[in-house]
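This is my_file23.txt (compact mmCIF, C-alpha atoms).
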```
# COMPACT_ATOMS: atom_id res chain seq x y z
CA MET K 1 125.94 109.84 93.14
CA ASN K 2 126.23 112.77 95.56
CA ARG K 3 125.79 112.49 99.30
CA ALA K 4 122.32 114.08 99.53
CA ALA K 5 120.85 111.56 97.12
CA ARG K 6 122.69 108.78 98.94
CA ALA K 7 121.08 109.90 102.20
CA VAL K 8 117.56 109.58 100.74
CA PHE K 9 118.18 106.48 98.62
CA PRO K 10 120.67 104.21 100.46
CA HIS K 11 119.90 101.38 98.00
CA PRO K 12 118.48 102.76 94.73
CA LEU K 13 118.05 99.30 93.17
CA LEU K 14 116.17 98.07 96.24
CA THR K 15 113.82 101.06 95.90
CA ILE K 16 112.96 100.11 92.31
CA LEU K 17 112.58 96.43 93.24
CA LEU K 18 110.23 97.23 96.14
CA ALA K 19 108.09 99.50 93.93
CA ILE K 20 107.76 96.74 91.30
CA THR K 21 106.97 94.16 94.02
CA TRP K 22 104.22 96.37 95.46
CA CYS K 23 102.66 96.82 92.01
CA LEU K 24 102.70 93.01 91.56
CA VAL K 25 101.12 92.39 94.98
CA ALA K 26 98.41 95.00 94.33
CA ASN K 27 98.13 93.61 90.77
CA SER K 28 97.61 97.04 89.19
CA ILE K 29 99.74 99.62 87.45
CA ALA K 30 97.46 102.51 88.36
CA LEU K 31 99.11 105.75 89.48
CA GLY K 32 98.01 105.17 93.09
CA SER K 33 99.78 101.85 93.48
CA ILE K 34 102.95 103.14 91.79
CA VAL K 35 103.08 106.10 94.22
CA MET K 36 102.47 103.77 97.18
CA GLY K 37 105.21 101.46 95.89
CA VAL K 38 107.71 104.30 95.60
CA ILE K 39 106.84 105.54 99.11
CA LEU K 40 107.45 102.03 100.51
CA GLY K 41 110.59 101.77 98.37
CA ILE K 42 111.97 104.92 100.03
CA LEU K 43 110.85 104.18 103.61
CA ILE K 44 111.94 100.53 103.88
CA PRO K 45 115.60 101.05 102.82
CA LEU K 46 115.81 104.09 105.14
CA THR K 47 114.56 102.18 108.19
CA THR K 48 116.69 99.10 107.50
CA ARG K 49 119.84 100.99 106.49
CA ALA K 50 121.56 100.31 109.82
CA TYR K 51 121.47 96.54 109.18
CA TRP K 52 123.17 96.73 105.76
CA PRO K 53 125.85 99.40 106.13
CA ASP K 54 128.35 98.31 103.49
CA ALA K 55 126.17 97.72 100.42
CA PRO K 56 128.03 97.15 97.14
CA ARG K 57 128.27 100.17 94.83
CA GLY K 58 129.08 100.55 91.19
CA LEU K 59 127.49 97.29 90.08
CA ARG K 60 127.83 96.58 86.39
CA LEU K 61 124.12 96.24 85.62
CA PHE K 62 124.51 95.13 82.02
CA LYS K 63 126.82 92.30 83.03
CA LEU K 64 124.45 91.41 85.89
CA ALA K 65 121.55 91.08 83.42
CA ARG K 66 123.66 88.87 81.14
CA TYR K 67 124.65 86.74 84.14
CA VAL K 68 120.98 86.27 85.13
CA VAL K 69 120.09 85.16 81.59
CA LEU K 70 123.03 82.72 81.58
CA VAL K 71 121.98 81.23 84.93
CA ILE K 72 118.33 80.84 83.86
CA TRP K 73 119.46 79.05 80.69
CA ASP K 74 121.77 76.78 82.73
CA ILE K 75 118.95 75.94 85.16
CA LEU K 76 116.64 74.91 82.32
CA ALA K 77 119.22 72.95 80.31
CA ALA K 78 120.91 71.16 83.18
CA ASN K 79 117.68 70.33 85.05
CA VAL K 80 116.63 68.06 82.19
CA ALA K 81 120.00 66.28 82.39
CA VAL K 82 119.74 65.71 86.15
CA ALA K 83 116.11 64.57 85.95
CA TRP K 84 117.21 61.99 83.36
CA LEU K 85 120.13 60.97 85.59
CA VAL K 86 117.89 60.56 88.66
CA VAL K 87 115.35 58.43 86.79
CA THR K 88 117.66 56.20 84.75
CA ARG K 89 120.93 55.81 86.69
CA SER K 90 121.04 53.26 89.51
CA ASN K 91 122.27 54.31 92.93
CA THR K 92 125.49 52.33 92.75
CA ALA K 93 126.46 53.79 89.36
CA MET K 94 126.50 57.38 90.65
CA HIS K 95 129.70 58.95 91.90
CA PRO K 96 128.86 61.66 94.45
CA LYS K 97 131.82 63.84 95.42
CA TRP K 98 132.72 66.66 97.76
CA VAL K 99 134.33 69.58 95.95
CA VAL K 100 136.31 72.32 97.73
CA ILE K 101 136.31 75.65 95.90
CA PRO K 102 138.88 78.23 97.03
CA LEU K 103 137.12 81.59 96.74
CA GLU K 104 138.54 84.73 95.16
CA LEU K 105 135.34 86.67 95.90
CA ARG K 106 135.38 88.61 99.17
CA ARG K 107 132.06 90.48 99.25
CA PRO K 108 129.36 88.57 101.20
CA GLU K 109 126.74 89.53 98.57
CA ALA K 110 128.87 88.02 95.79
CA ILE K 111 129.52 84.81 97.75
CA THR K 112 125.79 84.49 98.47
CA MET K 113 125.00 84.84 94.77
CA LEU K 114 127.65 82.26 93.87
CA ALA K 115 126.31 79.77 96.45
CA GLY K 116 122.74 80.29 95.22
CA THR K 117 123.80 79.81 91.61
CA ILE K 118 125.66 76.60 92.46
CA THR K 119 122.61 75.19 94.25
CA LEU K 120 120.15 76.08 91.49
CA THR K 121 122.31 74.73 88.66
CA PRO K 122 121.64 71.00 88.87
CA GLY K 123 124.26 68.45 89.80
CA THR K 124 125.78 70.60 92.54
CA VAL K 125 124.63 71.88 95.95
CA SER K 126 126.65 74.35 97.98
CA ALA K 127 126.90 72.93 101.50
CA ASP K 128 129.08 75.08 103.73
CA LEU K 129 131.57 77.90 103.98
CA SER K 130 134.89 77.61 105.80
CA ASP K 131 135.13 79.44 109.12
CA GLU K 132 137.04 82.42 107.70
CA GLY K 133 135.04 82.50 104.46
CA HIS K 134 137.83 81.60 102.04
CA CYS K 135 136.51 78.25 100.79
CA LEU K 136 133.14 76.91 99.66
CA LEU K 137 132.13 73.26 100.15
CA VAL K 138 130.09 71.88 97.25
CA HIS K 139 128.46 68.48 96.86
CA ALA K 140 128.30 67.10 93.30
CA LEU K 141 125.74 64.38 92.51
CA ASP K 142 127.66 62.61 89.76
CA ALA K 143 131.17 63.79 88.91
CA GLU K 144 134.17 62.07 87.37
CA SER K 145 136.70 64.27 89.13
CA ALA K 146 136.38 67.03 91.72
CA GLU K 147 138.90 69.23 89.89
CA GLU K 148 136.74 69.33 86.77
CA VAL K 149 133.68 70.59 88.70
CA ARG K 150 135.81 73.13 90.57
CA ASP K 151 137.37 74.55 87.40
CA GLU K 152 134.02 74.79 85.63
CA ILE K 153 132.38 76.68 88.51
CA LYS K 154 135.35 79.03 88.87
CA ASP K 155 135.48 79.76 85.16
CA ARG K 156 131.77 79.93 84.40
CA TYR K 157 130.32 81.72 87.44
CA GLU K 158 132.95 83.09 89.80
CA ARG K 159 134.86 84.98 87.11
CA ARG K 160 131.68 86.70 85.92
CA LEU K 161 130.59 87.57 89.48
CA LYS K 162 134.01 89.05 90.13
CA GLU K 163 133.56 91.28 87.08
CA ILE K 164 130.11 92.36 88.29
CA PHE K 165 131.02 93.18 91.89
CA GLU K 166 134.63 94.35 91.76
CA MET J 1 95.56 86.48 63.88
CA THR J 2 91.98 85.66 64.70
CA PRO J 3 90.95 85.38 68.36
CA GLU J 4 90.40 81.63 67.90
CA THR J 5 94.03 81.15 66.84
CA VAL J 6 95.28 83.14 69.83
CA THR J 7 93.13 81.05 72.20
CA LEU J 8 94.41 77.84 70.63
CA ILE J 9 98.07 78.93 70.94
CA LEU J 10 97.52 79.94 74.59
CA ASP J 11 95.80 76.61 75.30
CA ILE J 12 98.71 74.69 73.80
CA ALA J 13 101.20 76.76 75.82
CA ILE J 14 99.20 76.13 79.05
CA THR J 15 99.11 72.39 78.32
CA ILE J 16 102.85 72.22 77.65
CA SER J 17 103.78 74.05 80.85
CA LEU J 18 101.31 71.95 82.88
CA VAL J 19 102.84 68.72 81.58
CA VAL J 20 106.42 69.94 82.08
CA GLY J 21 105.61 71.14 85.59
CA ALA J 22 103.87 67.91 86.59
CA VAL J 23 106.72 65.76 85.23
CA PHE J 24 109.44 67.73 87.00
CA THR J 25 107.53 67.79 90.31
CA LEU J 26 107.04 64.03 90.09
CA VAL J 27 110.72 63.44 89.24
CA GLY J 28 111.75 65.58 92.21
CA SER J 29 109.71 63.54 94.69
CA PHE J 30 110.67 60.27 92.99
CA GLY J 31 114.35 61.16 93.38
CA LEU J 32 113.73 62.01 97.04
CA LEU J 33 112.43 58.47 97.54
CA LYS J 34 114.84 56.61 95.28
CA LEU J 35 118.30 57.98 96.11
CA ASP J 36 120.09 56.23 98.96
CA ASP J 37 122.34 58.83 100.57
CA ALA J 38 121.25 61.85 102.60
CA MET J 39 123.32 64.29 100.52
CA LYS J 40 122.28 62.73 97.20
CA ARG J 41 118.63 63.03 98.17
CA LEU J 42 119.03 66.78 98.51
CA HIS J 43 119.68 67.18 94.77
CA ALA J 44 116.36 65.99 93.37
CA PRO J 45 113.68 67.98 95.26
CA THR J 46 115.49 71.30 95.65
CA LYS J 47 115.92 71.77 91.92
CA ALA J 48 113.46 69.62 90.01
CA SER J 49 110.52 70.52 92.26
CA THR J 50 111.35 74.22 92.18
CA LEU J 51 111.47 74.20 88.38
CA GLY J 52 108.31 72.08 88.24
CA VAL J 53 106.30 74.44 90.42
CA GLY J 54 107.76 77.33 88.40
CA ALA J 55 106.28 75.79 85.24
CA LEU J 56 102.89 75.32 86.97
CA LEU J 57 102.93 79.01 87.98
CA LEU J 58 103.76 79.92 84.36
CA ALA J 59 100.69 77.91 83.29
CA SER J 60 98.63 79.93 85.79
CA ILE J 61 99.91 83.24 84.33
CA LEU J 62 99.09 82.05 80.81
CA GLY J 63 95.66 80.90 82.02
CA ALA J 64 94.96 84.39 83.40
CA PHE J 65 95.89 85.89 80.00
CA ALA J 66 93.65 83.35 78.24
CA ARG J 67 90.71 84.53 80.41
CA ASP J 68 91.39 88.17 79.41
CA GLU J 69 92.22 89.23 82.95
CA PRO J 70 96.01 89.56 82.66
CA SER J 71 97.98 89.41 85.89
CA LEU J 72 101.60 88.70 86.74
CA GLN J 73 101.08 87.97 90.45
CA GLU J 74 102.33 84.40 90.15
CA ALA J 75 105.73 85.75 89.07
CA LEU J 76 106.08 86.92 92.68
CA ILE J 77 105.71 83.36 94.05
CA MET J 78 108.12 82.12 91.38
CA ALA J 79 110.76 84.69 92.35
CA PHE J 80 110.25 83.90 96.05
CA LEU J 81 110.68 80.15 95.47
CA PHE J 82 113.80 80.59 93.36
CA VAL J 83 115.39 82.89 95.96
CA THR J 84 114.53 80.73 98.99
CA ALA J 85 115.24 77.24 97.55
CA PRO J 86 119.07 77.56 97.80
CA ILE J 87 118.79 78.87 101.37
CA SER J 88 116.66 75.93 102.54
CA ALA J 89 119.00 73.53 100.72
CA GLN J 90 122.05 74.96 102.43
CA PHE J 91 120.38 74.81 105.86
CA ILE J 92 119.55 71.12 105.29
CA CYS J 93 123.17 70.53 104.20
CA LYS J 94 124.35 72.10 107.43
CA VAL J 95 122.00 69.80 109.42
CA ASN J 96 123.52 66.82 107.56
CA LEU J 97 127.04 67.95 108.37
CA HIS J 98 126.16 68.70 111.98
CA ARG J 99 124.49 65.33 112.61
CA ARG J 100 127.28 63.53 110.68
CA SER J 101 124.66 61.79 108.50
CA CYS J 102 126.78 61.99 105.33
CA MET J 103 130.31 61.32 104.07
CA THR J 104 132.93 63.33 105.93
CA PRO J 105 133.90 66.34 103.78
CA PRO J 106 137.55 67.06 102.93
CA GLU J 107 139.45 69.78 104.78
CA PRO J 108 139.23 73.30 103.30
CA SER J 109 142.39 74.27 101.44
CA SER J 110 143.14 77.57 103.19
CA ASP J 111 141.17 77.85 106.48
CA SER J 112 141.12 75.51 109.47
CA THR J 113 137.66 73.93 109.26
CA TRP J 114 134.10 74.32 107.96
CA ALA J 115 131.78 76.75 109.70
CA THR J 116 129.27 74.07 110.77
CA LEU J 117 131.97 71.84 112.27
CA ASP J 118 133.65 74.76 114.04
CA THR J 119 133.23 73.97 117.74
CA ALA J 120 135.38 76.82 119.08
CA ASP J 121 132.26 78.64 120.35
CA ALA J 122 130.79 75.42 121.76
CA GLY J 123 129.78 77.27 124.94
CA ASP J 124 126.56 78.53 123.39
CA ALA J 125 125.79 75.51 121.22
CA PRO J 126 123.72 73.21 123.43
CA ALA J 127 123.37 70.56 120.67
CA GLN J 128 126.85 69.21 121.42
CA HIS J 129 125.70 66.26 123.50
CA LEU J 130 123.90 64.71 120.53
CA THR J 131 125.51 61.54 119.32
CA PRO J 132 126.13 60.95 115.61
CA GLU J 133 123.18 59.32 113.86
CA LYS J 134 123.43 55.90 112.32
CA GLY J 135 121.82 55.47 108.91
CA MET M 1 86.03 69.00 77.60
CA SER M 2 89.09 70.41 75.88
CA PHE M 3 92.63 69.06 76.00
CA VAL M 4 93.55 71.65 78.64
CA ASP M 5 91.18 69.95 81.08
CA TYR M 6 92.79 66.58 80.45
CA ALA M 7 96.21 68.15 81.06
CA ILE M 8 94.98 69.65 84.35
CA TYR M 9 93.58 66.30 85.55
CA GLY M 10 96.83 64.54 84.55
CA ALA M 11 98.89 67.14 86.36
CA PHE M 12 96.67 66.84 89.47
CA GLY M 13 97.33 63.10 89.48
CA ALA M 14 101.09 63.49 88.99
CA VAL M 15 101.54 66.13 91.70
CA SER M 16 99.35 64.17 94.14
CA LEU M 17 101.50 61.10 93.50
CA ALA M 18 104.59 63.24 94.11
CA GLN M 19 103.03 64.38 97.40
CA LEU M 20 102.52 60.72 98.41
CA LEU M 21 106.11 59.77 97.51
CA ALA M 22 107.41 62.67 99.62
CA MET M 23 105.19 61.52 102.48
CA VAL M 24 106.70 58.02 102.30
CA ARG M 25 110.15 59.59 102.66
CA LEU M 26 108.84 61.67 105.58
CA ILE M 27 107.77 58.47 107.37
CA LEU M 28 110.86 56.41 106.45
CA GLY M 29 113.43 59.03 107.46
CA PRO M 30 116.01 57.82 108.45
CA HIS M 31 117.81 61.06 109.31
CA THR M 32 116.40 64.30 110.72
CA ALA M 33 117.55 66.14 107.59
CA ASP M 34 115.59 63.75 105.36
CA ARG M 35 112.40 64.48 107.26
CA ILE M 36 112.96 68.24 107.02
CA LEU M 37 113.67 67.91 103.30
CA ALA M 38 110.54 65.81 102.77
CA LEU M 39 108.40 68.41 104.56
CA ASP M 40 109.96 71.18 102.44
CA THR M 41 109.20 69.22 99.26
CA MET M 42 105.62 68.64 100.41
CA THR M 43 105.16 72.40 100.91
CA VAL M 44 106.45 73.11 97.41
CA ASN M 45 104.15 70.44 95.96
CA ALA M 46 101.22 71.89 97.92
CA ILE M 47 101.86 75.27 96.24
CA GLY M 48 101.65 73.48 92.88
CA LEU M 49 98.33 71.86 93.86
CA ILE M 50 96.83 75.18 95.01
CA VAL M 51 97.93 76.91 91.79
CA MET M 52 96.40 74.14 89.65
CA LEU M 53 93.13 74.43 91.60
CA GLY M 54 93.16 78.10 90.59
CA ILE M 55 93.74 77.22 86.91
CA SER M 56 90.98 74.59 86.84
CA GLN M 57 88.41 76.90 88.46
CA GLY M 58 89.53 79.90 86.42
CA THR M 59 89.97 82.29 89.35
CA GLN M 60 92.77 84.37 90.78
CA ILE M 61 91.70 84.13 94.43
CA TYR M 62 94.07 81.27 95.35
CA PHE M 63 97.10 83.48 94.72
CA GLU M 64 97.25 84.76 98.30
CA ALA M 65 96.92 81.24 99.71
CA ALA M 66 99.80 80.01 97.53
CA LEU M 67 101.98 82.97 98.52
CA ILE M 68 101.32 82.44 102.24
CA VAL M 69 102.03 78.68 101.97
CA ALA M 70 105.32 79.51 100.18
CA MET M 71 106.39 81.95 102.91
CA LEU M 72 105.34 79.69 105.80
CA GLY M 73 107.08 76.71 104.18
CA PHE M 74 110.37 78.56 103.89
CA VAL M 75 110.24 79.98 107.41
CA SER M 76 109.31 76.62 108.94
CA THR M 77 112.15 74.83 107.10
CA VAL M 78 114.63 77.40 108.41
CA ALA M 79 113.16 77.13 111.91
CA TYR M 80 113.45 73.30 111.98
CA CYS M 81 117.04 73.48 110.72
CA ARG M 82 118.05 76.15 113.22
CA PHE M 83 116.49 74.14 116.02
CA VAL M 84 118.55 71.07 115.08
CA LEU M 85 121.71 73.10 114.52
CA ARG M 86 121.65 75.36 117.56
CA GLY M 87 119.08 73.83 119.91
CA ASP M 88 117.19 77.13 119.82
CA ILE M 89 115.35 79.11 117.15
CA ILE M 90 115.77 82.71 118.33
CA GLU M 91 118.89 83.27 120.38
```
Would it be possible to restate this file's structure as structure tokens?
Amino acid sequence: MNRAARAVFPHPLLTILLAITWCLVANSIALGSIVMGVILGILIPLTTRAYWPDAPRGLRLFKLARYVVLVIWDILAANVAVAWLVVTRSNTAMHPKWVVIPLELRRPEAITMLAGTITLTPGTVSADLSDEGHCLLVHALDAESAEEVRDEIKDRYERRLKEIFE
Amino acid sequence: MTPETVTLILDIAITISLVVGAVFTLVGSFGLLKLDDAMKRLHAPTKASTLGVGALLLASILGAFARDEPSLQEALIMAFLFVTAPISAQFICKVNLHRRSCMTPPEPSSDSTWATLDTADAGDAPAQHLTPEKG
Amino acid sequence: MSFVDYAIYGAFGAVSLAQLLAMVRLILGPHTADRILALDTMTVNAIGLIVMLGISQGTQIYFEAALIVAMLGFVSTVAYCRFVLRGDIIE
């Protein structure tokens, strides 16, 4: 995208998202609310541009959509498993574990998405980041070995996020 | 399809999502009460309750379609809940780590310590005098 | 009374029971984080109750209430946690 367009639309995806959000809040797809949504979608990224200077560019949108579908499926499938575990398994029979995940991702946006994915997929909650941002601390509710959880997260989510953002 | 069939299918879909939502919400709160460790307790409500309320909102969307006044407004609440649930969960994790009310985590493999336990900038963190809680 | 009404009454009962269980955890504690988590869960359950009230009365007017409760619940959880972590909410 050339520089003039970049000056008007610092975050083109955010513009579209804000327009859709406005149409949902107004609960109409009349021309008036679409125009209002687009105006807000241009003004808000312009006024907040200074707070998000280094936004990621060149996202692979198709892979992002596939990743979102995969995560939604994982949330639904694994939530049933954890609900069953919570109801049937006694407290002493569970093996909670801390898992340390060395990160290959460097972009803050990508790490945020990985941490959110880990928390929403049941059985694991992301707890903390190391002080330089190279490791993620994850708590697993019931795991046989920490290495298994680490390898699954790295292979299933981090690899895909790396393809989307880098 | 006749309008009666469509209404019946919508009613069945509303009933299913209501039941699923109610069960998951109940399991989330039950887990909050049943589990015996502060970190374990975090798992049940953050996920099961979020999914449960998501199913209830889906029932509300379907109900609006069944009344012939279609609206997708509830999708906004759903998206908001799914975006904010991990953030609240991580903040509560950090409180647990800070108050030492859970198992001590292992050292990170490449950096010196975890961000919450980093006391290098202790000058502006007035919570330092707090003693570790006993559970 | 159709089967949808029975489902709504059953769901009201289940979510109210969930609200009570979360309140027991809020009273028991024992840690600060447990109380914050219980309050967060109660907010999420309250959104479910408001939404079901909207379904049972067949109106759309409770949407704004549910949205505002969702936003306030998130902001208050973050504010409690920041207060415990840093001793201050806005530095």
Between CA of Thr50 (chain J) and CA of Ile16 (chain K), distance in Å (one decimal): 25.9 Å
Mind giving me the straight-line distance from CA of Gly54 (chain M) to CA of Ser60 (chain J) in Å, one decimal?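 CA of Gly54 (chain M) sits 7.5 Å away from CA of Ser60 (chain J).
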Can you sort out the box for region 54-57 of chain J, edges along x, y and z, all listed atoms in, 8 Å on every side, with centre and edge lengths in Å to one decimal, as lines of an AutoDock Vina configuration file?
```
center_x = 105.3
center_y = 77.2
center_z = 86.8
size_x = 20.9
size_y = 19.7
size_z = 19.2
```
Which of these, J:Ala75, J:Leu32, J:Leu18, J:Val6, has the shortest distance to Lys47 (chain J) once you count all atoms listed in the file?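 Nearest to Lys47 (chain J): J:Leu32.
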Using only C-alpha atoms, which residues of chain K come within 7 Å of chain J, and what is the closest atom pair for each, with the distance in Å to one decimal? Give it as a Markdown table, sorted by chain and residue number.
```
| residue | atom | partner | partner_atom | distance |
| --- | --- | --- | --- | --- |
| K:Leu24 | CA | J:Gln73 | CA | 5.4 |
| K:Val25 | CA | J:Gln73 | CA | 6.3 |
| K:Asn27 | CA | J:Gln73 | CA | 6.4 |
| K:Asn79 | CA | J:Ala48 | CA | 6.6 |
| K:Ala83 | CA | J:Val27 | CA | 6.4 |
| K:Val86 | CA | J:Gly31 | CA | 5.9 |
| K:Asn91 | CA | J:Leu35 | CA | 6.3 |
| K:Trp98 | CA | J:Pro105 | CA | 6.1 |
| K:Val100 | CA | J:Pro108 | CA | 6.4 |
| K:Pro102 | CA | J:Ser109 | CA | 6.9 |
| K:Gly116 | CA | J:Pro86 | CA | 5.3 |
| K:Thr119 | CA | J:Pro86 | CA | 5.5 |
| K:Leu120 | CA | J:Lys47 | CA | 6.1 |
| K:Pro122 | CA | J:Lys47 | CA | 6.5 |
| K:Gly123 | CA | J:His43 | CA | 6.9 |
| K:Val125 | CA | J:His43 | CA | 6.9 |
| K:Ser126 | CA | J:Gln90 | CA | 6.4 |
| K:Ala127 | CA | J:Cys93 | CA | 5.2 |
| K:Asp128 | CA | J:Trp114 | CA | 6.6 |
| K:Leu129 | CA | J:Ala115 | CA | 5.8 |
| K:Ser130 | CA | J:Trp114 | CA | 4.0 |
| K:Asp131 | CA | J:Ala115 | CA | 4.3 |
| K:Glu132 | CA | J:Asp111 | CA | 6.3 |
| K:His134 | CA | J:Asp111 | CA | 6.7 |
| K:Cys135 | CA | J:Pro108 | CA | 6.2 |
| K:Leu141 | CA | J:Lys40 | CA | 6.1 |
```
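Of the residues under consideration (K:Val80, K:Ala143, K:Val71, K:Ile118), K:Ala143 shows the shortest atom-to-atom contact distance to Ala93 (chain K) when counting only C-alpha atoms.
Residues of chain M having any atom within 6 Å of chain J, counting all atoms listed in the file, are Val4, Ala7, Ala11, Ala14, Val15, Ala18, Leu21, Ala22, Arg25, Ala33, Gly48, Ile55, Leu67, Arg86 and Gly87 of chain M.
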Students should find that CA of Ala115 (chain K) and CA of Val138 (chain K) are spaced 8.8 Å
Set the cut-off to 12 Å and count all atoms listed in the file: what are the residues of chain M that reach chain K? Output as a list in words.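 So the residues of chain M near chain K are Gln60, Phe63, Glu64 and Leu67 of chain M.
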When you look at Met36 (chain K) with a cut-off of 12 Å (counting all atoms listed in the file), what residues show up, excluding the ones that are within fewer than 5 positions of it in the same chain? I need them as a PyMOL selection string. chain K and resi 15+18-23+25-26+28-31+41-43
Only C-alpha atoms, please: the residues just picked out, written as a PDB file, in the frame of the given file.
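selection10.pdb, written as the output of this step:
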```
ATOM      1  CA  THR K  15     113.820 101.060  95.900  1.00  0.00           C
ATOM      2  CA  LEU K  18     110.230  97.230  96.140  1.00  0.00           C
ATOM      3  CA  ALA K  19     108.090  99.500  93.930  1.00  0.00           C
ATOM      4  CA  ILE K  20     107.760  96.740  91.300  1.00  0.00           C
ATOM      5  CA  THR K  21     106.970  94.160  94.020  1.00  0.00           C
ATOM      6  CA  TRP K  22     104.220  96.370  95.460  1.00  0.00           C
ATOM      7  CA  CYS K  23     102.660  96.820  92.010  1.00  0.00           C
ATOM      8  CA  VAL K  25     101.120  92.390  94.980  1.00  0.00           C
ATOM      9  CA  ALA K  26      98.410  95.000  94.330  1.00  0.00           C
ATOM     10  CA  SER K  28      97.610  97.040  89.190  1.00  0.00           C
ATOM     11  CA  ILE K  29      99.740  99.620  87.450  1.00  0.00           C
ATOM     12  CA  ALA K  30      97.460 102.510  88.360  1.00  0.00           C
ATOM     13  CA  LEU K  31      99.110 105.750  89.480  1.00  0.00           C
ATOM     14  CA  GLY K  41     110.590 101.770  98.370  1.00  0.00           C
ATOM     15  CA  ILE K  42     111.970 104.920 100.030  1.00  0.00           C
ATOM     16  CA  LEU K  43     110.850 104.180 103.610  1.00  0.00           C
TER      17      LEU K  43
END
```
